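Okay, input-v3.cif is below, mmCIF, C-alpha atoms and all ligand atoms:
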data_input
loop_
_atom_site.label_atom_id
_atom_site.label_comp_id
_atom_site.auth_asym_id
_atom_site.auth_seq_id
_atom_site.Cartn_x
_atom_site.Cartn_y
_atom_site.Cartn_z
CA MET A 7 -8.14 4.37 -22.61
CA GLU A 8 -11.70 4.16 -21.33
CA PHE A 9 -13.32 3.16 -18.06
CA MET A 10 -14.41 -0.44 -17.92
CA ASN A 11 -18.12 -0.96 -17.51
CA PRO A 12 -19.18 -3.13 -14.52
CA GLU A 13 -19.76 -6.21 -16.71
CA GLU A 14 -16.27 -5.95 -18.29
CA GLU A 15 -14.76 -5.50 -14.85
CA ARG A 16 -16.59 -8.54 -13.49
CA LYS A 17 -15.34 -10.69 -16.41
CA LEU A 18 -11.77 -9.50 -15.89
CA ILE A 19 -11.89 -10.35 -12.18
CA VAL A 20 -13.22 -13.85 -12.96
CA GLU A 21 -10.48 -14.41 -15.55
CA TYR A 22 -7.77 -13.12 -13.24
CA ASN A 23 -9.05 -15.16 -10.29
CA THR A 24 -9.08 -18.28 -12.45
CA ARG A 25 -5.41 -17.79 -13.39
CA PHE A 26 -4.38 -16.68 -9.89
CA PRO A 27 -6.81 -18.20 -7.41
CA MET A 28 -4.74 -17.24 -4.36
CA LYS A 29 -2.83 -13.99 -4.03
CA VAL A 30 -0.69 -12.09 -1.55
CA GLU A 31 -0.84 -8.28 -1.71
CA LEU A 32 1.79 -6.22 0.12
CA HIS A 33 1.24 -2.70 -1.20
CA VAL A 34 -2.27 -1.27 -0.81
CA HIS A 35 -3.18 2.16 0.55
CA LEU A 36 -6.35 2.24 2.67
CA ASP A 37 -7.17 5.74 1.41
CA GLY A 38 -6.55 4.51 -2.15
CA SER A 39 -9.06 1.67 -1.75
CA VAL A 40 -12.21 3.62 -0.87
CA ARG A 41 -15.24 2.66 -2.95
CA PRO A 42 -16.74 5.68 -4.76
CA GLU A 43 -20.24 4.59 -3.65
CA THR A 44 -19.04 4.79 -0.06
CA VAL A 45 -17.73 8.34 -0.53
CA LEU A 46 -21.17 9.44 -1.76
CA ASP A 47 -22.98 7.57 1.06
CA ILE A 48 -20.75 9.11 3.71
CA ALA A 49 -21.12 12.57 2.17
CA LYS A 50 -24.92 12.17 2.51
CA GLU A 51 -24.63 10.78 6.04
CA ARG A 52 -22.48 13.76 7.09
CA ASP A 53 -24.61 16.24 5.19
CA MET A 54 -21.54 17.20 3.14
CA LEU A 55 -22.90 16.46 -0.32
CA SER A 56 -22.93 20.17 -1.19
CA SER A 57 -19.17 20.42 -0.52
CA LEU A 58 -18.47 17.47 -2.87
CA PRO A 59 -18.27 18.62 -6.51
CA HIS A 60 -19.23 15.11 -7.69
CA LYS A 61 -22.80 13.90 -7.38
CA THR A 62 -22.50 10.46 -9.02
CA VAL A 63 -20.04 7.56 -9.02
CA GLU A 64 -19.24 8.30 -12.67
CA GLU A 65 -18.41 11.94 -11.93
CA LEU A 66 -16.23 10.98 -8.99
CA ASN A 67 -14.38 8.27 -10.95
CA ARG A 68 -13.71 10.69 -13.78
CA ASP A 69 -11.64 12.95 -11.50
CA VAL A 70 -10.19 10.35 -9.14
CA ILE A 71 -9.16 7.43 -11.37
CA LEU A 72 -6.33 8.01 -13.84
CA VAL A 73 -6.75 6.30 -17.20
CA GLU A 74 -3.96 8.04 -19.11
CA PRO A 75 -0.27 8.39 -18.14
CA SER A 76 0.00 11.53 -16.03
CA SER A 77 2.22 12.09 -12.97
CA LEU A 78 2.63 11.08 -9.33
CA ASP A 79 1.53 14.61 -8.36
CA ARG A 80 -1.69 14.18 -10.28
CA LEU A 81 -2.29 10.76 -8.75
CA LEU A 82 -1.81 12.15 -5.23
CA GLN A 83 -4.15 15.03 -6.06
CA SER A 84 -6.98 12.47 -6.43
CA PHE A 85 -7.05 12.00 -2.66
CA SER A 86 -7.98 15.65 -2.09
CA TYR A 87 -11.33 15.09 -3.85
CA PHE A 88 -12.70 12.60 -1.33
CA MET A 89 -10.52 12.53 1.78
CA PRO A 90 -12.25 15.59 3.34
CA ILE A 91 -15.43 13.45 3.36
CA ILE A 92 -13.75 10.48 5.08
CA SER A 93 -11.19 12.15 7.32
CA GLY A 94 -12.01 12.70 10.98
CA TYR A 95 -15.17 10.55 10.84
CA LYS A 96 -15.08 7.25 12.70
CA ASN A 97 -17.99 5.60 10.82
CA ALA A 98 -16.25 6.22 7.50
CA VAL A 99 -12.88 4.88 8.67
CA SER A 100 -14.55 1.78 10.07
CA ARG A 101 -16.59 1.22 6.91
CA ILE A 102 -13.71 1.53 4.43
CA ALA A 103 -11.54 -0.87 6.47
CA TYR A 104 -14.36 -3.42 6.67
CA GLU A 105 -15.20 -3.11 2.97
CA LEU A 106 -11.56 -3.64 2.08
CA CYS A 107 -11.82 -7.16 3.55
CA GLU A 108 -14.78 -7.91 1.28
CA ASP A 109 -12.84 -6.58 -1.74
CA CYS A 110 -9.85 -8.65 -0.68
CA ALA A 111 -11.98 -11.82 -0.73
CA LYS A 112 -13.52 -10.81 -4.08
CA HIS A 113 -10.03 -10.66 -5.62
CA ARG A 114 -8.97 -13.92 -3.95
CA ILE A 115 -6.30 -12.20 -1.89
CA ARG A 116 -5.53 -14.55 0.97
CA TYR A 117 -3.18 -12.17 2.79
CA MET A 118 -2.93 -8.39 2.52
CA GLU A 119 -0.90 -5.66 4.18
CA VAL A 120 -2.80 -2.38 3.96
CA ARG A 121 -1.07 0.89 4.82
CA TYR A 122 -2.31 4.27 5.94
CA CYS A 123 -1.21 7.37 7.79
CA PRO A 124 -3.24 7.58 11.04
CA GLN A 125 -3.00 11.40 11.19
CA LEU A 126 -4.60 11.75 7.75
CA PHE A 127 -7.79 10.08 9.05
CA ALA A 128 -7.83 11.96 12.38
CA ASN A 129 -9.29 15.37 13.13
CA SER A 130 -7.58 16.09 16.45
CA ASP A 131 -4.52 17.35 14.59
CA VAL A 132 -5.29 20.65 12.92
CA THR A 133 -2.32 20.26 10.60
CA ASN A 134 -4.23 17.53 8.71
CA GLU A 135 -5.00 19.33 5.45
CA TYR A 136 -8.18 17.30 4.89
CA VAL A 137 -9.91 18.47 8.07
CA GLY A 138 -11.88 21.72 8.23
CA GLU A 139 -13.26 21.60 11.78
CA PRO A 140 -10.91 20.13 14.40
CA GLY A 141 -12.39 17.42 16.63
CA THR A 142 -11.46 14.72 19.12
CA PHE A 143 -10.77 11.72 16.83
CA THR A 144 -7.05 11.07 17.43
CA PRO A 145 -4.51 9.11 15.34
CA ARG A 146 -4.62 6.44 18.08
CA ASP A 147 -8.45 6.29 17.79
CA VAL A 148 -7.97 5.78 14.03
CA VAL A 149 -5.71 2.77 14.60
CA VAL A 150 -8.15 1.26 17.12
CA THR A 151 -11.06 1.83 14.70
CA VAL A 152 -9.22 0.29 11.72
CA ASN A 153 -8.13 -2.72 13.80
CA GLU A 154 -11.65 -3.34 15.06
CA ALA A 155 -13.17 -3.10 11.57
CA LEU A 156 -10.49 -5.35 10.06
CA ALA A 157 -11.06 -7.94 12.80
CA ARG A 158 -14.77 -8.10 11.87
CA GLY A 159 -14.00 -8.13 8.14
CA MET A 160 -11.38 -10.87 8.42
CA LYS A 161 -13.82 -13.07 10.30
CA ASP A 162 -16.70 -12.45 7.89
CA TYR A 163 -14.65 -12.89 4.70
CA ASP A 164 -11.99 -15.38 5.80
CA VAL A 165 -8.98 -13.24 4.79
CA THR A 166 -5.94 -12.01 6.70
CA VAL A 167 -5.29 -8.27 6.64
CA LYS A 168 -2.41 -6.71 8.57
CA THR A 169 -1.51 -3.02 8.64
CA ILE A 170 1.51 -0.81 8.00
CA LEU A 171 1.46 2.73 9.42
CA CYS A 172 2.77 5.47 7.11
CA CYS A 173 4.91 8.48 7.85
CA MET A 174 4.49 11.25 5.27
CA THR A 175 7.44 12.98 3.61
CA HIS A 176 5.78 16.40 3.95
CA LYS A 177 4.98 15.86 7.66
CA PRO A 178 8.22 14.71 9.33
CA ASP A 179 6.93 15.97 12.69
CA TRP A 180 4.18 13.28 12.60
CA ALA A 181 6.70 10.45 12.31
CA PRO A 182 7.55 9.93 16.03
CA GLU A 183 3.83 9.41 16.82
CA VAL A 184 3.53 6.96 13.90
CA LEU A 185 6.46 4.98 15.32
CA SER A 186 5.00 5.01 18.81
CA LEU A 187 1.68 3.65 17.42
CA CYS A 188 3.62 0.92 15.56
CA LYS A 189 5.19 -0.08 18.88
CA GLU A 190 1.93 0.01 20.84
CA PHE A 191 -0.02 -2.04 18.30
CA ARG A 192 2.72 -4.38 17.06
CA ASP A 193 0.97 -7.41 18.53
CA LYS A 194 -2.44 -6.20 17.42
CA GLY A 195 -2.16 -6.30 13.63
CA VAL A 196 0.34 -3.49 12.92
CA VAL A 197 3.32 -5.15 11.25
CA GLY A 198 5.47 -2.31 9.91
CA ILE A 199 6.21 1.33 9.17
CA ASP A 200 6.32 3.07 5.76
CA LEU A 201 7.31 6.42 4.27
CA ALA A 202 4.70 7.63 1.77
CA GLY A 203 3.56 10.76 -0.06
CA LEU A 204 5.79 12.62 -2.49
CA GLU A 205 9.16 10.92 -2.70
CA PHE A 206 11.74 11.96 -0.13
CA GLN A 207 14.78 13.80 -1.50
CA PRO A 208 18.07 12.01 -0.78
CA GLY A 209 21.14 13.86 0.39
CA THR A 210 20.36 14.93 3.95
CA PRO A 211 22.70 13.23 6.43
CA ALA A 212 20.87 10.77 8.70
CA GLU A 213 21.74 12.73 11.84
CA GLU A 214 19.98 15.82 10.43
CA CYS A 215 16.92 14.02 9.04
CA ALA A 216 14.01 13.40 11.44
CA LEU A 217 12.50 10.74 9.18
CA LYS A 218 15.73 8.77 8.86
CA LYS A 219 16.14 8.84 12.64
CA VAL A 220 12.61 7.46 13.14
CA PHE A 221 13.32 4.60 10.72
CA GLN A 222 16.61 3.81 12.45
CA GLU A 223 14.77 3.65 15.77
CA ALA A 224 12.13 1.41 14.17
CA ALA A 225 14.91 -0.97 13.07
CA ALA A 226 16.43 -0.93 16.55
CA CYS A 227 13.01 -1.85 18.00
CA GLY A 228 12.40 -4.64 15.47
CA ILE A 229 9.58 -2.84 13.62
CA HIS A 230 9.59 -3.86 9.93
CA ARG A 231 10.37 -1.08 7.41
CA THR A 232 9.29 -0.29 3.87
CA VAL A 233 9.98 3.03 2.11
CA HIS A 234 8.54 4.52 -1.08
CA ALA A 235 11.68 5.27 -3.11
CA GLY A 236 12.95 5.19 -6.68
CA GLU A 237 9.44 5.48 -8.09
CA ILE A 238 9.87 8.82 -9.85
CA GLY A 239 13.01 9.53 -7.81
CA THR A 240 16.54 8.24 -8.24
CA ALA A 241 18.52 5.10 -7.48
CA ARG A 242 20.28 7.14 -4.81
CA ALA A 243 16.99 7.44 -2.90
CA VAL A 244 16.71 3.64 -2.97
CA ARG A 245 20.27 3.29 -1.67
CA GLU A 246 19.62 5.73 1.19
CA ALA A 247 16.34 3.99 2.03
CA ILE A 248 18.24 0.69 2.37
CA ASP A 249 21.43 1.96 4.03
CA GLU A 250 20.16 4.84 6.15
CA MET A 251 16.51 3.95 6.77
CA LYS A 252 17.12 0.21 7.04
CA ALA A 253 14.30 -0.53 4.56
CA GLU A 254 13.61 -4.25 4.08
CA ARG A 255 11.20 -3.55 1.24
CA ILE A 256 10.98 -0.66 -1.21
CA GLY A 257 7.72 0.78 -2.50
CA HIS A 258 8.11 0.75 -6.32
CA GLY A 259 11.90 1.14 -6.64
CA TYR A 260 11.90 1.10 -10.48
CA HIS A 261 14.89 3.45 -10.66
CA ALA A 262 17.05 1.06 -8.65
CA TYR A 263 17.61 -0.56 -12.05
CA ASP A 264 19.30 2.67 -13.31
CA ASP A 265 22.40 2.11 -11.17
CA PRO A 266 24.01 -1.36 -11.37
CA GLU A 267 25.51 -0.92 -7.87
CA VAL A 268 22.14 -0.15 -6.32
CA TYR A 269 20.48 -2.99 -8.21
CA LYS A 270 23.20 -5.35 -6.96
CA LYS A 271 22.53 -4.14 -3.42
CA VAL A 272 18.80 -4.84 -3.84
CA ILE A 273 19.57 -8.38 -4.99
CA ASN A 274 22.34 -9.14 -2.49
CA GLU A 275 20.43 -7.81 0.51
CA HIS A 276 17.17 -9.53 -0.52
CA ILE A 277 15.27 -6.24 -0.69
CA HIS A 278 11.76 -6.91 -1.92
CA LEU A 279 10.46 -4.40 -4.49
CA GLU A 280 6.72 -3.76 -4.17
CA THR A 281 6.02 -2.96 -7.81
CA CYS A 282 2.91 -2.18 -9.85
CA PRO A 283 3.35 -2.02 -13.63
CA ILE A 284 0.05 -0.18 -14.21
CA SER A 285 0.78 2.46 -11.60
CA SER A 286 4.33 2.89 -12.94
CA ILE A 287 2.93 3.82 -16.35
CA LEU A 288 0.10 6.05 -15.05
CA THR A 289 2.54 8.09 -12.93
CA LYS A 290 5.09 8.14 -15.81
CA ALA A 291 7.60 6.62 -13.41
CA CYS A 292 8.43 4.27 -16.31
CA ASP A 293 8.15 4.32 -20.09
CA SER A 294 4.67 3.37 -21.29
CA ASP A 295 6.36 1.12 -23.88
CA VAL A 296 6.26 -2.12 -21.91
CA THR A 297 9.12 -3.59 -23.96
CA LYS A 298 11.39 -1.05 -22.22
CA HIS A 299 9.94 -1.52 -18.73
CA PRO A 300 12.61 -2.15 -16.06
CA LEU A 301 10.60 -5.00 -14.54
CA ARG A 302 11.27 -7.04 -17.66
CA LYS A 303 14.75 -7.60 -16.24
CA SER A 304 13.42 -9.42 -13.24
CA VAL A 305 10.14 -11.02 -14.31
CA LYS A 306 10.53 -14.78 -14.55
CA ARG A 307 7.22 -16.33 -13.71
CA LEU A 308 4.31 -14.22 -12.44
CA LYS A 309 3.21 -16.90 -9.98
CA SER A 310 6.65 -16.87 -8.41
CA TYR A 311 5.98 -13.20 -7.55
CA ILE A 312 3.12 -14.33 -5.33
CA PHE A 313 5.44 -16.75 -3.53
CA ASN A 314 8.04 -13.98 -3.10
CA ALA A 315 5.39 -11.68 -1.62
CA ALA A 316 4.43 -14.40 0.88
CA ARG A 317 8.08 -14.84 1.85
CA CYS A 318 8.59 -11.09 2.25
CA CYS A 319 5.45 -10.19 4.16
CA PHE A 320 6.01 -8.58 7.55
CA SER A 321 4.07 -11.18 9.49
CA ASP A 322 5.84 -13.67 11.73
CA VAL A 323 7.81 -16.63 10.40
CA GLU A 324 5.03 -19.11 11.13
CA GLU A 325 2.49 -17.11 9.13
CA ARG A 326 4.94 -16.76 6.24
CA LYS A 327 5.58 -20.49 6.18
CA SER A 328 1.85 -21.20 6.36
CA LEU A 329 1.19 -18.85 3.41
CA VAL A 330 3.90 -20.51 1.31
CA ARG A 331 2.43 -23.91 2.18
CA GLN A 332 -1.05 -22.80 1.10
CA LEU A 333 0.32 -21.35 -2.15
CA LYS A 334 2.11 -24.62 -2.91
CA GLU A 335 -1.16 -26.48 -2.48
CA VAL A 336 -2.81 -24.17 -5.03
CA TYR A 337 -0.01 -23.70 -7.58
CA GLY A 338 2.28 -26.66 -6.96
CA PRO A 339 5.89 -26.36 -5.79
CA LYS A 340 7.58 -25.34 -9.08
CA TYR A 341 7.01 -21.59 -8.66
CA ASP A 342 8.64 -21.55 -5.24
CA TYR A 343 12.21 -21.38 -6.50
CA GLN A 344 13.58 -19.32 -3.64
CA SER A 345 14.12 -20.72 -0.19
CA ILE A 346 15.04 -17.54 1.61
CA HIS A 347 13.18 -15.74 4.37
CA PRO A 348 14.70 -12.26 4.14
CA HIS A 349 13.22 -10.95 7.38
CA LYS A 350 14.10 -12.24 10.80
ZN ZN A 401 2.27 3.34 -2.38
#
Take the structure in the file and give it back as structure tokens.
Amino acid sequence: MEFMNPEEERKLIVEYNTRFPMKVELHVHLDGSVRPETVLDIAKERDMLSSLPHKTVEELNRDVILVEPSSLDRLLQSFSYFMPIISGYKNAVSRIAYELCEDCAKHRIRYMEVRYCPQLFANSDVTNEYVGEPGTFTPRDVVVTVNEALARGMKDYDVTVKTILCCMTHKPDWAPEVLSLCKEFRDKGVVGIDLAGLEFQPGTPAEECALKKVFQEAAACGIHRTVHAGEIGTARAVREAIDEMKAERIGHGYHAYDDPEVYKKVINEHIHLETCPISSILTKACDSDVTKHPLRKSVKRLKSYIFNAARCCFSDVEERKSLVRQLKEVYGPKYDYQSIHPHK
């Protein structure tokens, strides 16, 4: 595979927007959405260009963007190239959140839930691996900064962008603060909690697992839950995410299809799978032969996926109904074949 040139990319966006003029996007990582041009600008602004091995957008893209099937490890490694430039710097956090709204409008995404781990953008916590010099920019400051930038972006680009705060599997000690930020900002744009990073390993009893306890408390407090599970990991991880972490949505979840009992649970409990066929191939979570892809079992009509996403977003019932109404106006009613609202 090759990189698309800007003209090819523009044509593809036009074609895609013509087929799908209104979209709902539930699984986007803020740190995975940074424009390469912005990384270079910020590096200049912070006088950090010498610490960045890439001097042009092309050089940066070559290391950061995967074009051949590789692994989840390799994909996660991409963040280490540019996050030290962004992390701990308020202007950068504000800019990437604002620019995301513009990109959202460009792709005709009417509603988006973007997720991030506040600690990974802060510099007050010296255990953040992206930060060299500790500073005073706290995880709470990060959330305030993102919210403020999104509010400006939503107004300027007429899109709705809510946020999900991520716990990280390799930093279970950060999770209680993530939950407390979810609670504090639940009426100010934060709609849920996630578990991200390398996939968690199933098998630890809930009472001995700090992350599971945090998710159980989130459920008790009415904070919506999504968990990355069953991407490269097993169906058992998906089952534990649902049963022990009270997940309402699963990030990826391809391996839920490996175990008929787990798949039945996903269906019966209306668990929404946030899937991405391209990512699943690039991380080798699934076979690159699309005729064997597990999603073939559930794909009916692509437009109905957009309706399902609207129904399973973590916003309130009124916003979900309004989104479904708007989608019906654009696509007609025939793709809305489900009438359920899985979340209370
Ligand atoms: Zn993800």
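The shortest atom-to-atom distance to Asn67 of chain A, with only C-alpha atoms taken into account, belongs to A:Val40 out of A:Ile229, A:Val40, A:Met54, A:Leu308.
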Per residue of chain A within 7 Å of ligand ZN 401 (chain A), which atom pair is closest and at what distance in Å (one decimal), using all atoms listed in the file, listed by chain and increasing number, as a tab-separated table?
residue	atom	partner	partner_atom	distance
A:His33	CA	A:ZN401	ZN	6.2
A:Val34	CA	A:ZN401	ZN	6.7
A:His35	CA	A:ZN401	ZN	6.3
A:Ala202	CA	A:ZN401	ZN	6.4
A:His234	CA	A:ZN401	ZN	6.5
A:Gly257	CA	A:ZN401	ZN	6.0
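Of the listed residues A:Arg326, A:Arg146, A:Lys61, A:His176, the one whose atoms come nearest to Ala216 of chain A is A:His176, with distances taken using all atoms listed in the file.
Interatomic distance, atom CA of Cys110 of chain A to atom CA of Pro90 of chain A: 24.7 Å.
In terms of minimum interatomic distance to Tyr163 of chain A, A:Asp109 ranks closest within A:Gly141, A:Thr232, A:Asn129, A:Asp109, counting all atoms listed in the file.
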Legend entry - Between atom CA of Arg101 of chain A and atom CA of Ala157 of chain A - distance in Å to one decimal: 12.2 Å
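Put simply, atom CA of Val99 of chain A is 9.5 Å away from atom CA of Val149 of chain A.
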Inset, instruction - Name the residues within 10 Å of (1.8, -18.4, -5.1), counting all atoms listed in the file in the file's coordinates, and put them as an MDAnalysis selection string. - result: chainID A and resid 26:30 308:316 329:342
For segment 249-329 of chain A, write C-alpha atoms out as a CSV table (one decimal), in the first residue's frame.
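Here's the written file result_25.csv:
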chain,number,residue,atom,x,y,z
A,249,ASP,CA,-20.0,-8.9,33.4
A,250,GLU,CA,-17.3,-7.4,35.7
A,251,MET,CA,-16.7,-4.0,34.3
A,252,LYS,CA,-20.3,-3.3,33.3
A,253,ALA,CA,-19.3,-2.2,29.8
A,254,GLU,CA,-22.2,-1.0,27.7
A,255,ARG,CA,-20.0,-0.7,24.6
A,256,ILE,CA,-16.8,-2.6,23.6
A,257,GLY,CA,-13.9,-1.1,21.8
A,258,HIS,CA,-13.3,-3.4,18.8
A,259,GLY,CA,-14.5,-6.7,20.3
A,260,TYR,CA,-13.8,-8.8,17.1
A,261,HIS,CA,-12.9,-11.9,19.2
A,262,ALA,CA,-16.3,-11.9,20.8
A,263,TYR,CA,-17.3,-13.8,17.6
A,264,ASP,CA,-14.9,-16.6,18.6
A,265,ASP,CA,-17.1,-17.9,21.4
A,266,PRO,CA,-20.8,-18.4,20.6
A,267,GLU,CA,-21.8,-17.8,24.2
A,268,VAL,CA,-20.0,-14.5,24.4
A,269,TYR,CA,-21.4,-13.4,21.0
A,270,LYS,CA,-24.9,-14.3,22.3
A,271,LYS,CA,-24.3,-12.2,25.4
A,272,VAL,CA,-23.3,-9.3,23.2
A,273,ILE,CA,-26.5,-9.6,21.2
A,274,ASN,CA,-28.8,-10.3,24.1
A,275,GLU,CA,-27.5,-7.5,26.3
A,276,HIS,CA,-27.4,-5.0,23.4
A,277,ILE,CA,-23.7,-4.4,23.7
A,278,HIS,CA,-22.6,-2.0,20.9
A,279,LEU,CA,-19.3,-3.0,19.3
A,280,GLU,CA,-17.2,0.0,18.2
A,281,THR,CA,-15.4,-1.6,15.2
A,282,CYS,CA,-13.0,-0.4,12.6
A,283,PRO,CA,-12.3,-2.8,9.7
A,284,ILE,CA,-9.2,-0.9,8.6
A,285,SER,CA,-7.7,-0.8,12.0
A,286,SER,CA,-8.5,-4.5,12.6
A,287,ILE,CA,-6.4,-5.4,9.6
A,288,LEU,CA,-3.5,-3.0,10.3
A,289,THR,CA,-3.2,-4.3,13.9
A,290,LYS,CA,-3.6,-7.9,12.6
A,291,ALA,CA,-6.5,-8.3,15.1
A,292,CYS,CA,-8.3,-9.9,12.1
A,293,ASP,CA,-7.4,-11.7,8.9
A,294,SER,CA,-6.5,-9.3,6.1
A,295,ASP,CA,-8.7,-11.5,3.8
A,296,VAL,CA,-11.9,-9.6,4.1
A,297,THR,CA,-14.0,-12.6,3.1
A,298,LYS,CA,-13.0,-14.1,6.5
A,299,HIS,CA,-13.6,-11.0,8.5
A,300,PRO,CA,-15.8,-11.5,11.6
A,301,LEU,CA,-17.8,-8.4,10.9
A,302,ARG,CA,-19.2,-10.1,7.8
A,303,LYS,CA,-21.5,-12.0,10.2
A,304,SER,CA,-23.1,-8.8,11.4
A,305,VAL,CA,-23.0,-6.3,8.5
A,306,LYS,CA,-26.4,-5.8,7.0
A,307,ARG,CA,-26.6,-2.3,5.7
A,308,LEU,CA,-23.7,0.2,6.3
A,309,LYS,CA,-26.2,3.0,6.8
A,310,SER,CA,-27.9,1.1,9.6
A,311,TYR,CA,-24.5,1.2,11.4
A,312,ILE,CA,-24.8,5.0,11.6
A,313,PHE,CA,-28.3,4.7,13.1
A,314,ASN,CA,-27.0,2.1,15.6
A,315,ALA,CA,-24.2,4.5,16.6
A,316,ALA,CA,-26.7,7.3,17.2
A,317,ARG,CA,-28.8,5.0,19.4
A,318,CYS,CA,-25.8,3.8,21.4
A,319,CYS,CA,-24.1,7.1,22.0
A,320,PHE,CA,-23.6,8.1,25.6
A,321,SER,CA,-25.5,11.4,25.4
A,322,ASP,CA,-28.9,11.8,27.0
A,323,VAL,CA,-32.1,10.2,25.6
A,324,GLU,CA,-33.2,13.5,24.0
A,325,GLU,CA,-30.0,13.9,22.1
A,326,ARG,CA,-30.1,10.3,20.9
A,327,LYS,CA,-33.7,10.7,19.7
A,328,SER,CA,-32.8,14.0,17.9
A,329,LEU,CA,-29.8,12.4,16.2
